[in-house]
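**Student:** Got a structure for you, start12.txt, holding compact mmCIF, C-alpha atoms.
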```
# COMPACT_ATOMS: atom_id res chain seq x y z
CA MET I 1 0.00 0.00 0.00
CA VAL I 2 0.89 3.64 -0.40
CA SER I 3 1.96 6.31 2.10
CA ARG I 4 -0.14 7.11 5.13
CA PRO I 5 -1.56 10.65 4.86
CA HIS I 6 0.56 13.24 6.64
CA GLY I 7 -0.57 13.36 10.25
CA GLY I 8 -2.39 10.05 9.89
CA ARG I 9 -5.71 11.05 8.35
CA LEU I 10 -6.71 12.36 4.94
CA VAL I 11 -8.67 15.58 5.33
CA LEU I 12 -11.87 15.84 3.30
CA ARG I 13 -13.82 19.05 3.83
CA VAL I 14 -15.98 19.42 0.76
CA LEU I 15 -19.62 20.25 1.40
CA GLU I 16 -22.13 17.96 -0.25
CA GLY I 17 -25.84 17.23 -0.34
CA ARG I 18 -28.26 18.74 2.12
CA ARG I 19 -25.58 20.14 4.40
CA ARG I 20 -24.14 22.06 1.46
CA GLU I 21 -27.57 23.40 0.54
CA ARG I 22 -28.27 24.45 4.11
CA LEU I 23 -24.93 26.21 4.60
CA LEU I 24 -25.15 27.82 1.19
CA SER I 25 -28.50 29.27 2.14
CA GLU I 26 -27.14 30.46 5.52
CA ALA I 27 -24.13 31.93 3.75
CA ARG I 28 -26.27 34.75 2.36
CA GLU I 29 -26.34 36.20 5.87
CA MET I 30 -22.63 35.71 6.57
CA PRO I 31 -19.95 38.35 6.28
CA SER I 32 -17.95 37.66 3.15
CA LEU I 33 -14.43 38.09 1.85
CA GLU I 34 -13.53 38.12 -1.83
CA VAL I 35 -10.30 36.24 -2.50
CA GLY I 36 -8.07 35.90 -5.54
CA LEU I 37 -7.21 32.71 -7.42
CA GLU I 38 -4.21 31.89 -5.22
CA ARG I 39 -6.25 31.76 -1.99
CA ALA I 40 -9.06 29.94 -3.79
CA ILE I 41 -6.51 27.30 -4.82
CA ASP I 42 -5.23 27.08 -1.22
CA ALA I 43 -8.80 26.57 0.01
CA GLU I 44 -9.35 23.73 -2.43
CA ASP I 45 -5.98 22.13 -1.58
CA ILE I 46 -7.00 22.16 2.09
CA ALA I 47 -10.52 20.85 1.52
CA ARG I 48 -9.48 18.02 -0.79
CA GLY I 49 -6.71 16.77 1.47
CA ALA I 50 -3.61 17.86 -0.44
CA PHE I 51 -2.59 19.81 2.68
CA SER I 52 -3.60 17.16 5.24
CA PRO I 53 -3.60 17.44 8.24
CA LEU I 54 -4.48 21.14 7.79
CA GLU I 55 -8.22 21.64 8.02
CA GLY I 56 -8.15 25.35 7.40
CA PHE I 57 -5.97 28.43 7.17
CA MET I 58 -3.43 28.59 9.98
CA VAL I 59 -4.18 30.20 13.32
CA GLU I 60 -1.39 32.22 14.93
CA ASP I 61 0.07 29.36 16.98
CA GLU I 62 0.36 27.19 13.90
CA TYR I 63 1.71 30.03 11.79
CA LEU I 64 4.44 30.97 14.27
CA SER I 65 5.36 27.35 14.88
CA VAL I 66 5.77 26.74 11.15
CA LEU I 67 7.66 29.98 10.69
CA ASP I 68 10.08 29.37 13.57
CA ARG I 69 10.42 25.57 13.71
CA MET I 70 9.16 24.31 10.34
CA ARG I 71 6.78 22.13 12.31
CA LEU I 72 3.17 22.35 13.42
CA PRO I 73 2.58 22.79 17.17
CA ASN I 74 2.23 18.98 17.47
CA ASP I 75 5.75 18.61 15.98
CA LEU I 76 4.60 17.33 12.63
CA PRO I 77 6.85 18.62 9.83
CA TRP I 78 5.31 21.55 7.92
CA THR I 79 7.45 24.17 6.24
CA ILE I 80 5.26 26.62 4.31
CA PRO I 81 2.66 28.77 6.11
CA VAL I 82 -0.82 28.42 4.61
CA ILE I 83 -2.42 31.73 5.46
CA LEU I 84 -5.42 33.83 4.55
CA ASP I 85 -4.82 37.55 4.47
CA ALA I 86 -7.39 40.32 4.66
CA SER I 87 -7.51 44.04 5.37
CA LYS I 88 -8.93 45.62 8.51
CA GLU I 89 -11.74 47.09 6.40
CA GLU I 90 -12.64 43.72 4.94
CA LEU I 91 -12.86 42.22 8.41
CA ARG I 92 -14.95 45.00 9.91
CA GLY I 93 -17.70 43.33 11.96
CA VAL I 94 -16.07 39.88 11.80
CA SER I 95 -15.33 38.25 15.17
CA VAL I 96 -13.82 35.02 16.39
CA GLY I 97 -16.50 32.35 16.21
CA ASP I 98 -18.19 33.83 13.14
CA ASP I 99 -18.56 31.98 9.89
CA LEU I 100 -16.94 33.90 7.05
CA LEU I 101 -17.95 33.25 3.47
CA LEU I 102 -15.06 33.26 1.02
CA LYS I 103 -15.99 34.26 -2.50
CA TYR I 104 -14.08 33.90 -5.70
CA ASN I 105 -15.21 36.03 -8.64
CA GLY I 106 -18.29 36.87 -6.60
CA ARG I 107 -19.34 33.23 -6.22
CA PRO I 108 -19.38 31.27 -2.95
CA LEU I 109 -16.15 29.32 -2.56
CA ALA I 110 -15.83 28.19 1.07
CA ILE I 111 -16.92 28.90 4.61
CA VAL I 112 -14.22 29.62 7.18
CA THR I 113 -15.11 29.38 10.85
CA VAL I 114 -13.01 32.20 12.24
CA GLU I 115 -10.82 30.97 15.10
CA ASP I 116 -8.20 33.70 15.06
CA VAL I 117 -7.47 37.12 13.57
CA TYR I 118 -3.89 38.30 13.97
CA GLY I 119 -1.24 40.56 12.58
CA TRP I 120 1.99 39.44 10.94
CA ASP I 121 5.39 40.86 10.22
CA LYS I 122 5.91 40.40 6.48
CA ARG I 123 9.63 41.10 6.67
CA VAL I 124 10.15 38.42 9.30
CA HIS I 125 7.95 36.10 7.25
CA ALA I 126 10.06 36.78 4.16
CA GLU I 127 13.34 36.27 6.02
CA LYS I 128 12.25 32.94 7.49
CA VAL I 129 10.37 31.44 4.55
CA PHE I 130 12.45 32.80 1.67
CA LYS I 131 15.73 33.48 3.51
CA THR I 132 15.74 36.99 2.09
CA ARG I 133 13.90 40.26 2.43
CA ASP I 134 14.75 41.26 -1.10
CA PRO I 135 11.59 42.32 -2.94
CA GLY I 136 13.31 41.15 -6.14
CA HIS I 137 12.48 37.60 -5.01
CA PRO I 138 9.03 36.77 -6.49
CA GLY I 139 7.82 35.10 -3.28
CA VAL I 140 8.92 38.04 -1.16
CA GLU I 141 7.37 40.49 -3.56
CA ALA I 142 4.08 38.57 -3.39
CA THR I 143 4.29 38.51 0.42
CA TYR I 144 4.75 42.28 0.62
CA ARG I 145 1.67 42.73 -1.57
CA ARG I 146 -0.53 40.75 0.83
CA LYS I 147 -2.85 42.41 3.31
CA ASP I 148 -2.05 43.22 6.92
CA LEU I 149 -4.22 40.79 8.90
CA LEU I 150 -4.42 37.01 8.84
CA VAL I 151 -7.54 34.97 9.46
CA GLY I 152 -7.20 31.46 10.83
CA GLY I 153 -9.84 28.79 11.00
CA ARG I 154 -11.18 25.54 9.64
CA LEU I 155 -12.95 25.68 6.32
CA GLU I 156 -15.42 23.77 4.24
CA LEU I 157 -15.41 24.04 0.45
CA ILE I 158 -18.67 24.93 -1.28
CA ASP I 159 -17.46 24.93 -4.88
CA SER I 160 -14.09 24.53 -6.55
CA PRO I 161 -12.69 27.50 -8.42
CA PRO I 162 -13.10 26.98 -12.20
CA ASN I 163 -10.46 24.63 -13.51
CA PRO I 164 -9.81 24.49 -17.26
CA LEU I 165 -7.89 21.24 -16.78
CA GLU I 166 -10.43 19.52 -14.58
CA LYS I 167 -10.39 16.30 -16.58
CA TYR I 168 -6.68 15.97 -15.85
CA THR I 169 -6.96 16.91 -12.18
CA LEU I 170 -6.96 14.17 -9.56
CA TRP I 171 -7.09 14.73 -5.80
CA PRO I 172 -5.48 12.63 -3.06
CA LEU I 173 -8.50 10.41 -2.48
CA GLU I 174 -8.63 9.62 -6.19
CA THR I 175 -4.93 8.90 -6.66
CA ARG I 176 -4.95 6.69 -3.57
CA ILE I 177 -7.83 4.61 -4.91
CA LEU I 178 -6.21 4.55 -8.35
CA PHE I 179 -2.90 3.27 -6.95
CA LYS I 180 -4.73 0.63 -4.94
CA GLU I 181 -6.63 -0.52 -8.03
CA ARG I 182 -3.41 -0.74 -10.00
CA GLY I 183 -1.71 -2.63 -7.19
CA TRP I 184 1.04 -0.03 -6.79
CA ARG I 185 2.83 -0.15 -3.46
CA ARG I 186 5.74 2.13 -4.22
CA VAL I 187 4.92 5.29 -6.10
CA VAL I 188 7.37 8.00 -7.06
CA ALA I 189 6.06 11.52 -7.64
CA PHE I 190 7.58 14.03 -10.01
CA GLN I 191 6.64 17.67 -10.04
CA THR I 192 7.03 19.81 -13.11
CA ARG I 193 6.30 23.20 -14.58
CA ASN I 194 7.96 22.47 -17.90
CA VAL I 195 7.49 20.38 -21.00
CA PRO I 196 9.59 17.24 -20.71
CA HIS I 197 13.06 16.92 -22.17
CA LEU I 198 15.34 13.91 -22.07
CA GLY I 199 16.85 14.95 -18.74
CA HIS I 200 13.43 14.74 -17.11
CA GLU I 201 12.70 11.43 -18.79
CA TYR I 202 15.99 9.98 -17.59
CA VAL I 203 15.33 11.00 -13.98
CA GLN I 204 11.79 9.63 -14.04
CA LYS I 205 12.85 6.33 -15.57
CA ALA I 206 15.72 5.97 -13.11
CA ALA I 207 13.17 6.27 -10.28
CA LEU I 208 10.70 3.96 -12.04
CA THR I 209 13.20 1.13 -12.15
CA PHE I 210 12.70 0.46 -8.43
CA THR I 211 9.11 1.65 -7.93
CA ASP I 212 5.76 0.37 -9.23
CA GLY I 213 4.49 3.60 -10.70
CA LEU I 214 5.23 7.21 -11.52
CA LEU I 215 2.94 10.10 -10.68
CA VAL I 216 3.72 13.08 -12.92
CA GLN I 217 2.14 16.22 -11.56
CA PRO I 218 2.40 19.40 -13.58
CA LEU I 219 1.64 22.35 -11.33
CA SER I 220 -1.20 24.50 -12.54
CA GLY I 221 -1.99 27.90 -11.15
CA TRP I 222 -0.60 31.38 -11.43
CA LYS I 223 2.21 31.57 -13.98
CA LYS I 224 4.67 34.19 -14.99
CA LYS I 225 5.39 35.55 -18.45
CA GLY I 226 7.42 33.13 -20.52
CA ASP I 227 6.23 29.98 -18.68
CA TYR I 228 4.77 27.14 -20.71
CA ARG I 229 1.00 27.11 -20.81
CA ASP I 230 -0.59 24.39 -18.67
CA GLU I 231 -2.31 22.70 -21.60
CA VAL I 232 0.95 22.56 -23.55
CA ILE I 233 2.69 20.80 -20.66
CA VAL I 234 -0.13 18.26 -20.37
CA GLU I 235 -0.23 17.54 -24.10
CA ALA I 236 3.57 17.26 -24.25
CA TYR I 237 3.56 14.72 -21.40
CA LYS I 238 0.74 12.77 -23.01
CA ALA I 239 2.88 12.44 -26.14
CA LEU I 240 5.92 11.37 -24.14
CA ILE I 241 3.99 8.80 -22.12
CA GLU I 242 2.26 7.38 -25.17
CA HIS I 243 5.47 6.87 -27.14
CA TYR I 244 8.17 6.22 -24.54
CA TYR I 245 6.68 4.60 -21.41
CA PRO I 246 5.20 1.15 -20.95
CA LYS I 247 1.41 1.06 -20.52
CA ASN I 248 0.02 1.67 -17.04
CA VAL I 249 3.18 2.71 -15.22
CA VAL I 250 2.52 6.46 -15.30
CA VAL I 251 -0.33 8.57 -13.95
CA LEU I 252 -0.39 12.07 -15.38
CA SER I 253 -2.43 14.38 -13.21
CA VAL I 254 -2.45 18.13 -12.85
CA LEU I 255 -2.02 19.56 -9.35
CA ARG I 256 -3.48 22.97 -8.66
CA MET I 257 -1.13 24.43 -6.09
CA ASN I 258 0.57 27.77 -5.63
CA MET I 259 4.26 28.11 -6.19
CA PHE I 260 6.25 30.36 -3.86
CA TYR I 261 9.87 29.82 -5.00
CA ALA I 262 10.83 29.21 -1.37
CA GLY I 263 13.59 26.75 -2.35
CA PRO I 264 14.45 24.29 0.42
CA ARG I 265 11.36 24.90 2.53
CA GLU I 266 9.16 24.45 -0.49
CA ALA I 267 10.94 21.24 -1.49
CA VAL I 268 9.85 19.71 1.83
CA HIS I 269 6.36 21.12 1.35
CA HIS I 270 6.14 19.49 -2.08
CA ALA I 271 7.18 16.16 -0.59
CA ILE I 272 4.52 16.40 2.14
CA VAL I 273 1.82 17.17 -0.41
CA ARG I 274 2.87 14.18 -2.55
CA LYS I 275 2.74 11.97 0.53
CA ASN I 276 -0.91 12.97 0.83
CA PHE I 277 -1.44 11.87 -2.76
CA GLY I 278 -0.13 8.46 -1.75
CA ALA I 279 3.41 8.74 -3.11
CA THR I 280 6.11 6.89 -1.20
CA HIS I 281 8.99 8.65 -2.96
CA PHE I 282 9.47 12.17 -4.27
CA ILE I 283 12.05 13.37 -6.75
CA VAL I 284 13.80 16.47 -5.46
CA GLY I 285 15.66 18.38 -8.08
CA ARG I 286 18.84 20.35 -7.68
CA ASP I 287 17.77 23.86 -6.58
CA HIS I 288 14.21 22.55 -6.30
CA ALA I 289 11.65 25.39 -6.15
CA GLY I 290 14.50 27.88 -6.26
CA VAL I 291 14.78 31.10 -8.19
CA GLY I 292 17.81 33.18 -9.19
CA ASP I 293 20.75 32.74 -6.82
CA TYR I 294 18.82 32.91 -3.56
CA TYR I 295 19.58 29.30 -2.55
CA GLY I 296 22.62 27.09 -2.76
CA PRO I 297 22.37 24.36 -5.42
CA TYR I 298 22.04 21.56 -2.84
CA GLU I 299 20.14 23.37 -0.06
CA ALA I 300 16.90 21.73 -1.14
CA TRP I 301 18.55 18.34 -0.50
CA GLU I 302 20.28 19.28 2.75
CA ILE I 303 17.09 20.43 4.47
CA PHE I 304 15.62 16.92 4.37
CA LYS I 305 18.17 15.86 7.00
CA GLN I 306 16.10 17.82 9.50
CA PHE I 307 13.04 15.67 8.82
CA PRO I 308 13.68 12.00 9.49
CA ASP I 309 10.01 11.81 10.48
CA LEU I 310 8.65 12.99 7.12
CA GLY I 311 7.13 9.67 6.08
CA ILE I 312 8.06 9.98 2.39
CA THR I 313 11.45 9.22 0.88
CA PRO I 314 13.08 12.06 -1.03
CA LEU I 315 15.08 10.97 -4.06
CA PHE I 316 17.98 13.23 -4.80
CA VAL I 317 18.57 12.51 -8.44
CA ARG I 318 21.46 14.31 -10.03
CA GLU I 319 21.03 16.40 -13.11
CA ALA I 320 21.19 14.36 -16.29
CA PHE I 321 23.28 15.20 -19.33
CA TYR I 322 24.09 13.54 -22.62
CA CYS I 323 27.56 12.00 -22.79
CA ARG I 324 28.91 11.48 -26.31
CA LYS I 325 31.37 8.89 -25.06
CA CYS I 326 28.76 6.91 -23.07
CA GLY I 327 26.34 7.39 -25.95
CA GLY I 328 23.36 8.20 -23.77
CA MET I 329 21.82 10.09 -20.90
CA VAL I 330 23.84 9.79 -17.69
CA ASN I 331 24.70 11.82 -14.61
CA GLU I 332 27.94 12.72 -12.90
CA LYS I 333 27.67 9.77 -10.54
CA ILE I 334 27.72 7.18 -13.30
CA CYS I 335 29.74 8.86 -16.04
CA PRO I 336 33.55 9.03 -15.75
CA HIS I 337 34.09 11.24 -18.81
CA GLY I 338 35.15 14.85 -18.82
CA PRO I 339 33.19 17.96 -19.69
CA GLU I 340 34.42 17.84 -23.29
CA HIS I 341 32.16 14.81 -23.86
CA ARG I 342 29.13 16.14 -22.02
CA VAL I 343 26.18 18.02 -23.46
CA LYS I 344 24.04 19.79 -20.93
CA ILE I 345 20.29 19.50 -21.50
CA SER I 346 19.39 23.07 -20.82
CA GLY I 347 15.73 23.91 -20.32
CA THR I 348 16.49 27.54 -21.10
CA ARG I 349 18.19 26.66 -24.38
CA ILE I 350 15.34 24.37 -25.38
CA ARG I 351 12.86 27.12 -24.59
CA GLU I 352 14.77 29.58 -26.78
CA MET I 353 14.83 27.12 -29.66
CA LEU I 354 11.11 26.42 -29.36
CA ARG I 355 10.39 30.11 -29.16
CA ARG I 356 12.19 30.57 -32.49
CA GLY I 357 10.12 27.72 -33.93
CA GLU I 358 13.15 25.41 -34.11
CA ARG I 359 12.99 21.72 -33.26
CA PRO I 360 15.50 20.83 -30.51
CA PRO I 361 17.88 17.96 -31.37
CA GLU I 362 16.63 14.48 -30.48
CA TYR I 363 19.19 14.00 -27.73
CA MET I 364 17.49 16.92 -25.98
CA MET I 365 13.79 16.44 -26.70
CA ARG I 366 11.71 13.64 -28.17
CA PRO I 367 10.40 14.62 -31.64
CA GLU I 368 6.82 13.79 -30.64
CA VAL I 369 7.10 16.19 -27.70
CA ALA I 370 8.66 18.93 -29.81
CA GLU I 371 5.87 18.42 -32.35
CA VAL I 372 3.22 19.10 -29.71
CA VAL I 373 4.92 22.26 -28.49
CA LEU I 374 5.68 23.63 -31.93
CA GLY I 375 2.20 22.68 -33.14
CA HIS I 376 0.63 24.85 -30.49
CA GLY I 377 -0.04 28.34 -31.76
CA ASN I 378 1.37 30.00 -28.69
CA PRO I 379 2.96 27.67 -26.14
CA PHE I 380 4.14 30.41 -23.77
CA ILE I 381 2.37 32.76 -21.38
CA GLU I 382 2.57 36.33 -22.66
CA MET D 1 0.81 -1.37 31.24
CA SER D 2 0.39 2.27 32.19
CA GLY D 3 -2.70 4.19 31.07
CA ASP D 4 -3.13 3.68 27.34
CA LYS D 5 0.44 2.50 26.90
CA VAL D 6 1.95 -0.98 26.96
CA SER D 7 5.58 -1.97 27.31
CA ILE D 8 7.41 -3.88 24.62
CA GLU D 9 10.95 -5.21 24.72
CA ILE D 10 13.62 -4.60 22.13
CA SER D 11 17.29 -5.48 22.28
CA LYS D 12 19.51 -3.07 24.16
CA ASP D 13 21.74 -2.83 21.13
CA LEU D 14 18.86 -1.69 18.92
CA TYR D 15 17.67 0.71 21.60
CA GLU D 16 21.11 2.33 21.73
CA LYS D 17 21.22 2.60 17.95
CA ALA D 18 17.78 4.24 17.93
CA LYS D 19 18.89 6.67 20.65
CA LYS D 20 21.99 7.58 18.66
CA PHE D 21 19.87 8.03 15.51
CA ILE D 22 17.63 10.52 17.33
CA GLU D 23 20.61 12.42 18.74
CA GLU D 24 22.10 12.75 15.28
CA ASN D 25 18.96 13.42 13.26
CA GLY D 26 16.37 14.92 15.60
CA GLY D 27 12.71 14.70 14.62
CA PHE D 28 11.81 12.51 17.62
CA LYS D 29 11.86 13.23 21.34
CA SER D 30 12.41 9.64 22.46
CA VAL D 31 12.97 6.10 21.28
CA GLU D 32 9.33 5.38 22.16
CA GLU D 33 8.22 8.13 19.76
CA LEU D 34 10.44 6.77 16.99
CA VAL D 35 9.18 3.21 17.48
CA GLU D 36 5.57 4.37 17.52
CA PHE D 37 6.09 6.40 14.31
CA LEU D 38 7.71 3.51 12.47
CA LEU D 39 5.04 1.03 13.54
CA GLU D 40 2.25 3.40 12.53
CA GLU D 41 3.83 3.96 9.12
CA ALA D 42 4.36 0.25 8.55
CA ILE D 43 0.87 -0.77 9.59
CA ALA D 44 -0.84 2.05 7.69
CA ALA D 45 1.17 1.17 4.60
CA GLU D 46 -0.35 -2.30 4.63
CA THR D 47 -3.90 -1.39 5.61
CA GLY D 48 -4.55 1.95 3.89
CA GLU D 49 -5.39 3.40 7.28
CA GLY D 50 -6.11 7.12 7.45
CA VAL D 51 -8.61 7.35 4.60
CA ALA D 52 -12.21 7.20 5.78
CA ILE D 53 -14.53 6.56 2.85
CA SER D 54 -17.70 4.52 2.41
CA PRO D 55 -17.85 1.78 -0.24
CA GLU D 56 -20.45 3.88 -2.11
CA ASP D 57 -18.15 6.90 -2.20
CA GLU D 58 -15.25 4.71 -3.25
CA GLU D 59 -17.35 3.43 -6.14
CA LYS D 60 -18.12 7.04 -7.16
CA VAL D 61 -14.42 7.81 -7.24
CA LYS D 62 -13.74 4.71 -9.34
CA GLU D 63 -16.50 5.76 -11.71
CA ARG D 64 -14.83 9.13 -12.23
CA LEU D 65 -11.46 7.45 -12.72
CA ARG D 66 -13.01 5.14 -15.31
CA SER D 67 -14.74 8.00 -17.11
CA LEU D 68 -11.45 9.88 -17.35
CA GLY D 69 -9.63 6.83 -18.65
CA TYR D 70 -7.43 6.26 -15.59
CA LEU D 71 -9.00 2.86 -14.88
```
Could you render the structure from this file as structure tokens?

**Tutor:**
Amino acid sequence: MVSRPHGGRLVLRVLEGRRRERLLSEAREMPSLEVGLERAIDAEDIARGAFSPLEGFMVEDEYLSVLDRMRLPNDLPWTIPVILDASKEELRGVSVGDDLLLKYNGRPLAIVTVEDVYGWDKRVHAEKVFKTRDPGHPGVEATYRRKDLLVGGRLELIDSPPNPLEKYTLWPLETRILFKERGWRRVVAFQTRNVPHLGHEYVQKAALTFTDGLLVQPLSGWKKKGDYRDEVIVEAYKALIEHYYPKNVVVLSVLRMNMFYAGPREAVHHAIVRKNFGATHFIVGRDHAGVGDYYGPYEAWEIFKQFPDLGITPLFVREAFYCRKCGGMVNEKICPHGPEHRVKISGTRIREMLRRGERPPEYMMRPEVAEVVLGHGNPFIE
Amino acid sequence: MSGDKVSIEISKDLYEKAKKFIEENGGFKSVEELVEFLLEEAIAAETGEGVAISPEDEEKVKERLRSLGYL
């Protein structure tokens, strides 16, 4: 069987049936708070168990414990604060104990039972989570843009935010049942925000050799200019899986989750989330979830030493490159040849070639994958 | 037996190794906590413990998985 949910129990807080109808009707009388897509995604991740054992946005005790110790107050590893921000004006008339209706695009999203309203120091938050106060860091910049108060409390989801890739989106309960049906006991998860090149394929296949199945999870959510479009990533992976993987060893499923670029802390967070999806192993890249030069290349590996009680095995797979002498994809651990024989598979270079409409060489990208990307009118976010 | 706890015996050698592991790696306050964690993980891994779902709801999930081509 697959991993136990983090904290021991998979959280499911999605309103259904008569209870949903009743609360939806009561919600008309509740104070409400309009949230953006990022908080709506957080709410759904909580309600559908991706953030188990969290049952809502963090109260102050949880927030400070995560900030200072990278653990929840009960000592369970948790490295990224999951917080709901609001302004004083928006919370006028809202008290502890009230039910607060969250809306997204004016439509009911979730009900939060307010347990705590508290202030936060964004600079301290930035320093601890991102290891920098530099507003040039995208996560720090986003933190500074958030509002001055935080609302903590358990939530129940009324409706999911619209999801253009719903038919490719599976939640922890679904992947767990899927793995059980397929008889997978050891599942390795791979996170991506890119179309696959041969370096990715090599890493995935290396992990697949000693596991039963591979869960490929492209992250969907807010993206920055120049990123691949979600649908392009999905179609590119479908092509790769169809042509280069045996049947029924890969599950491709989109994960709607926010990206913070918090480097090492976020690498642990990603592993915890994949544990909730039932993965037993998680591939942690070099400079995983990093950006610019804010983190050392191996910091995202080092941090896992602090969490022997994580309950999912991180796999630190070295970057793959093509070696002309070996005649294939290898990494520095298994290839004795010098740099003159090695060809780096650079995601940036591939992106530039695709942007110019050029097909990357086959030792970098499978032709079927390149075909999908080049065949898309506009594969990049503008 | 004390309260909700029972005593189990492990070899002294293993106990010392576990103690050293905790000193070097942290994450656990005591050998008891480490042993409890490992047993919970092992048992849950075999039983699927931690996911409360009725057979009807499980069937609904399977139906969705089938309709999407995953099963």

**Student:** Just checking: using only C-alpha atoms, which residue out of I:Leu315, I:Arg193, I:Lys305, I:Leu149 ends up closest to Asp227 (chain I)?

**Tutor:** I:Arg193

**Student:** Counting all atoms listed in the file, which residue out of I:Gly278, I:Pro361, I:Gly221, I:Gly199 sits closest to chain D?

**Tutor:** I:Gly278

**Student:** Using all atoms listed in the file, which residues sit within 8 Å of region 241-253 of chain I once same-chain residues fewer than 5 positions away are excluded, as a ChimeraX atom specification?

**Tutor:** /I:168-170,212-218,234,368 /D:70

**Student:** Could you take the residues named above and write them with C-alpha atoms, as a PDB file, in the coordinates of the input?

**Tutor:**
```pdb
ATOM      1  CA  TYR I 168      -6.680  15.970 -15.850  1.00  0.00           C
ATOM      2  CA  THR I 169      -6.960  16.910 -12.180  1.00  0.00           C
ATOM      3  CA  LEU I 170      -6.960  14.170  -9.560  1.00  0.00           C
ATOM      4  CA  ASP I 212       5.760   0.370  -9.230  1.00  0.00           C
ATOM      5  CA  GLY I 213       4.490   3.600 -10.700  1.00  0.00           C
ATOM      6  CA  LEU I 214       5.230   7.210 -11.520  1.00  0.00           C
ATOM      7  CA  LEU I 215       2.940  10.100 -10.680  1.00  0.00           C
ATOM      8  CA  VAL I 216       3.720  13.080 -12.920  1.00  0.00           C
ATOM      9  CA  GLN I 217       2.140  16.220 -11.560  1.00  0.00           C
ATOM     10  CA  PRO I 218       2.400  19.400 -13.580  1.00  0.00           C
ATOM     11  CA  VAL I 234      -0.130  18.260 -20.370  1.00  0.00           C
ATOM     12  CA  GLU I 368       6.820  13.790 -30.640  1.00  0.00           C
TER      13      GLU I 368
ATOM     14  CA  TYR D  70      -7.430   6.260 -15.590  1.00  0.00           C
TER      15      TYR D  70
END
```

**Student:** May I have the residues within 10 Å of region 14-23 of chain I as a list in words, using all atoms listed in the file and disregarding those fewer than 4 positions away in the same chain?

**Tutor:** Ala27, Arg28, Met30, Glu44, Ile46, Ala47, Arg48, Gly49, Leu101, Ala110, Ile111, Leu155, Glu156, Leu157, Ile158, Asp159 and Ser160 of chain I

**Student:** Using all atoms listed in the file, which residues sit within 12 Å of Lys12 (chain D) once same-chain residues fewer than 6 positions away are excluded, as a list in words?

**Tutor:**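 Once the adjacent positions are removed, what remains is Ala18, Lys19 and Val31 of chain D.
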
**Student:** Could you please determine the separation between CA of Val82 (chain I) and CA of Met58 (chain I) in Å, to one decimal place?

**Tutor:**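 Distance reported for this atom pair: 6.0 Å.
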
**Student:** Suppose you want the space between CA of Phe179 (chain I) and CA of Pro161 (chain I); what is it in Å?

**Tutor:**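 Taking CA of Phe179 (chain I) as the start and CA of Pro161 (chain I) as the end point, the length is 26.2 Å.
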
**Student:** Please determine the residues with any atom at most 7 Å from (15.8, 15.7, -19.0) (coordinates as given in the file, with all atoms listed in the file counting) and report them as an MDAnalysis selection string.

**Tutor:** chainID I and resid 196:203 320 345

**Student:** I'd like the contact shell of Gly106 (chain I) - 10 Å cut-off, only C-alpha atoms, skipping same-chain residues fewer than 5 positions apart - returned as a ChimeraX atom specification.

**Tutor:** /I:32-35

**Student:** Kindly give the distance, in Å, that separates CA of Asp98 (chain I) and CA of Tyr144 (chain I), rounded to a single decimal.

**Tutor:**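 One can read the CA of Asp98 (chain I) to CA of Tyr144 (chain I) distance as 27.5 Å.
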
**Student:** Tell me which residues come within 12 Å of (26.8, 7.1, -9.1), as a list in words, counting all atoms listed in the file in the file's coordinates.

**Tutor:** Ala206, Phe316, Val317, Arg318, Glu319, Ala320, Val330, Asn331, Glu332, Lys333, Ile334, Cys335 and Pro336 of chain I

**Student:** Measuring atom to atom with only C-alpha atoms, identify which of I:Glu166, I:Asp293, I:Glu235, I:Asp230 is nearest to Gly136 (chain I).

**Tutor:**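 For Gly136 (chain I), the nearest of the given residues is I:Asp293.
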
**Student:** Starting from 5 Å padding per side, set up an axis-aligned box that covers all listed atoms of region 186-196 of chain I and hand over centre and edge lengths in Å, one decimal, as JSON.

**Tutor:**
```
{"center_x": 7.3, "center_y": 12.7, "center_z": -12.6, "size_x": 14.7, "size_y": 31.1, "size_z": 26.8}
```

**Student:** Please provide as a VMD selection string all residues within 8 Å of region 262-265 of chain I, with the sequence filter that same-chain residues fewer than 2 positions apart are discarded (counting all atoms listed in the file).

**Tutor:** chain I and resid 79 to 80 129 to 130 139 260 267 to 269 287 to 291 295 299 to 301 303
